[in-house]
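> Quick one: structure below, then a few questions.
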Amino acid sequence: MTYDTTRRTVLLATGGTGAVALVAACGGGGGDNGSTSTVSPTGKETTDAPAGQELASTDEIPVGGGKIFKNEEVVVTQPEQGQFKAFSAICTHQRCTVGSVSDGTINCPCHGSKFRIADGAVAHGPATRALPAEQITVEGNSIRLT
């Protein structure tokens with residue numbers, strides 16, 4: 001007796017395999033390495049870092065520009081002398097890391113989105129949402145991520 005393979009048979013067989021893989025991937029694993037992780041408002045998973053981690057000194061952030069901290073996924077800007085702002089360095093369009101800060105904007109290299117250094121608002125699409133603000137403190141010459 002011969003069996004004809006139908007599209008329905010193939011889809012059912014591969015769907016079952018995918019479901020098993022999905023359940024296995026979501027398993028708890030049971031390992032606890034002692035660190036705590038959370039998801040930030042920007043949607044990124046972060047591990048608890050020491051509060052007040054120093055990012056830079058104030059003289060490292062140019063007036064009218066900024067600096068990107070890729071490991072921390074944050075960009076710090078200085079729109080006016082002595083005024084420091086911080087935003088997520090993850091573009092709200094398709095989650096690329098922004099690549100530069102120039103001419104008053106934070107620039108994403110993936111699709112050309114630009115965000116204003118003063119408030120993270122979209123200056124040029126395709127992004128439609130502003131970069132979320134990040135919390136920093138400036139004490140003396142030190143800029144710290146809080």
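Ordered as shown in the structure tokens, chains take letters A, B, and onward, while each chain numbers its residues from 1 and ligands are numbered from 1 in the order shown.
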Can you pull out the residues contacting A:Ser57? Cut-off 6 Å, using only C-alpha atoms, and skip same-chain residues under 5 positions away; I want them as a list in words.

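Here the qualifying residues turn out to be Asn141, Ser142 and Ile143 of chain A.
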
> Find the residues around stretch 109-123 of chain A up to 6 Å (only C-alpha atoms counted), leave out those fewer than 6 positions away in its own chain, and share them as a ChimeraX atom specification.

/A:77,79,99,130-131

> Export, as a JSON list (two decimals), in the first residue's frame, the selected residues with C-alpha atoms.


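Result file selection_16.json:
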[["chain", "number", "residue", "atom", "x", "y", "z"],
["A", 77, "THR", "CA", 23.77, 64.66, 24.42],
["A", 79, "PRO", "CA", 22.05, 70.42, 23.42],
["A", 99, "GLY", "CA", 25.44, 55.29, 14.75],
["A", 130, "ALA", "CA", 10.86, 59.43, 19.81],
["A", 131, "LEU", "CA", 13.83, 57.79, 21.48]]

> Between A:Thr128, A:Thr58, A:Ser100, A:Thr137, which one has atoms that come closest to A:Gln78, using only C-alpha atoms?

A:Thr58

> So what do you get for atom CA of A:Pro62 versus atom CA of A:Val74, distance-wise?

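Straight-line distance from atom CA of A:Pro62 to atom CA of A:Val74 works out to 15.7 Å.
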
> Find the residues around A:Ser102 up to 9 Å (only C-alpha atoms counted), leave out those fewer than 2 positions away in its own chain, and share them as a PyMOL selection string.

chain A and resi 64-66+100+104-107

> Once you have the residues from the selection above, write them out as a PDB file, in the first residue's frame, restricted to all heavy atoms.


ATOM      1  N   GLY A  64      26.097  70.758  21.515  1.00  0.00           N
ATOM      2  CA  GLY A  64      25.433  70.606  20.223  1.00  0.00           C
ATOM      3  C   GLY A  64      25.589  69.219  19.622  1.00  0.00           C
ATOM      4  O   GLY A  64      25.199  68.970  18.487  1.00  0.00           O
ATOM      5  N   GLY A  65      26.152  68.297  20.396  1.00  0.00           N
ATOM      6  CA  GLY A  65      26.381  66.932  19.907  1.00  0.00           C
ATOM      7  C   GLY A  65      26.125  65.925  20.998  1.00  0.00           C
ATOM      8  O   GLY A  65      25.333  66.149  21.906  1.00  0.00           O
ATOM      9  N   GLY A  66      26.826  64.810  20.912  1.00  0.00           N
ATOM     10  CA  GLY A  66      26.638  63.769  21.907  1.00  0.00           C
ATOM     11  C   GLY A  66      27.596  62.623  21.702  1.00  0.00           C
ATOM     12  O   GLY A  66      28.454  62.662  20.813  1.00  0.00           O
ATOM     13  N   SER A 100      25.570  57.717  15.011  1.00  0.00           N
ATOM     14  CA  SER A 100      26.325  58.966  15.137  1.00  0.00           C
ATOM     15  C   SER A 100      25.434  60.060  15.702  1.00  0.00           C
ATOM     16  O   SER A 100      24.209  59.951  15.719  1.00  0.00           O
ATOM     17  CB  SER A 100      26.862  59.405  13.767  1.00  0.00           C
ATOM     18  OG  SER A 100      25.795  59.738  12.893  1.00  0.00           O
ATOM     19  N   GLY A 104      23.007  68.396  15.391  1.00  0.00           N
ATOM     20  CA  GLY A 104      21.838  68.489  16.254  1.00  0.00           C
ATOM     21  C   GLY A 104      20.921  67.284  16.245  1.00  0.00           C
ATOM     22  O   GLY A 104      19.826  67.349  16.805  1.00  0.00           O
ATOM     23  N   THR A 105      21.357  66.188  15.607  1.00  0.00           N
ATOM     24  CA  THR A 105      20.518  64.986  15.591  1.00  0.00           C
ATOM     25  C   THR A 105      21.312  63.735  15.939  1.00  0.00           C
ATOM     26  O   THR A 105      22.517  63.660  15.731  1.00  0.00           O
ATOM     27  CB  THR A 105      19.837  64.760  14.218  1.00  0.00           C
ATOM     28  OG1 THR A 105      20.839  64.628  13.215  1.00  0.00           O
ATOM     29  CG2 THR A 105      18.873  65.882  13.877  1.00  0.00           C
ATOM     30  N   ILE A 106      20.576  62.753  16.452  1.00  0.00           N
ATOM     31  CA  ILE A 106      21.086  61.405  16.699  1.00  0.00           C
ATOM     32  C   ILE A 106      20.662  60.600  15.482  1.00  0.00           C
ATOM     33  O   ILE A 106      19.483  60.574  15.135  1.00  0.00           O
ATOM     34  CB  ILE A 106      20.461  60.823  17.984  1.00  0.00           C
ATOM     35  CG1 ILE A 106      20.762  61.730  19.186  1.00  0.00           C
ATOM     36  CG2 ILE A 106      20.942  59.394  18.220  1.00  0.00           C
ATOM     37  CD1 ILE A 106      19.876  61.475  20.397  1.00  0.00           C
ATOM     38  N   ASN A 107      21.618  59.966  14.816  1.00  0.00           N
ATOM     39  CA  ASN A 107      21.363  59.390  13.502  1.00  0.00           C
ATOM     40  C   ASN A 107      21.460  57.871  13.490  1.00  0.00           C
ATOM     41  O   ASN A 107      22.425  57.295  13.982  1.00  0.00           O
ATOM     42  CB  ASN A 107      22.361  59.967  12.508  1.00  0.00           C
ATOM     43  CG  ASN A 107      22.421  61.479  12.609  1.00  0.00           C
ATOM     44  OD1 ASN A 107      21.430  62.160  12.449  1.00  0.00           O
ATOM     45  ND2 ASN A 107      23.584  62.004  12.933  1.00  0.00           N
TER      46      ASN A 107
END

> Between A:Pro126, A:Pro132, A:Gly52, A:Gly140, which one has atoms that come closest to A:Val75, using only C-alpha atoms?

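So, comparing all the options, the nearest one is A:Pro132.
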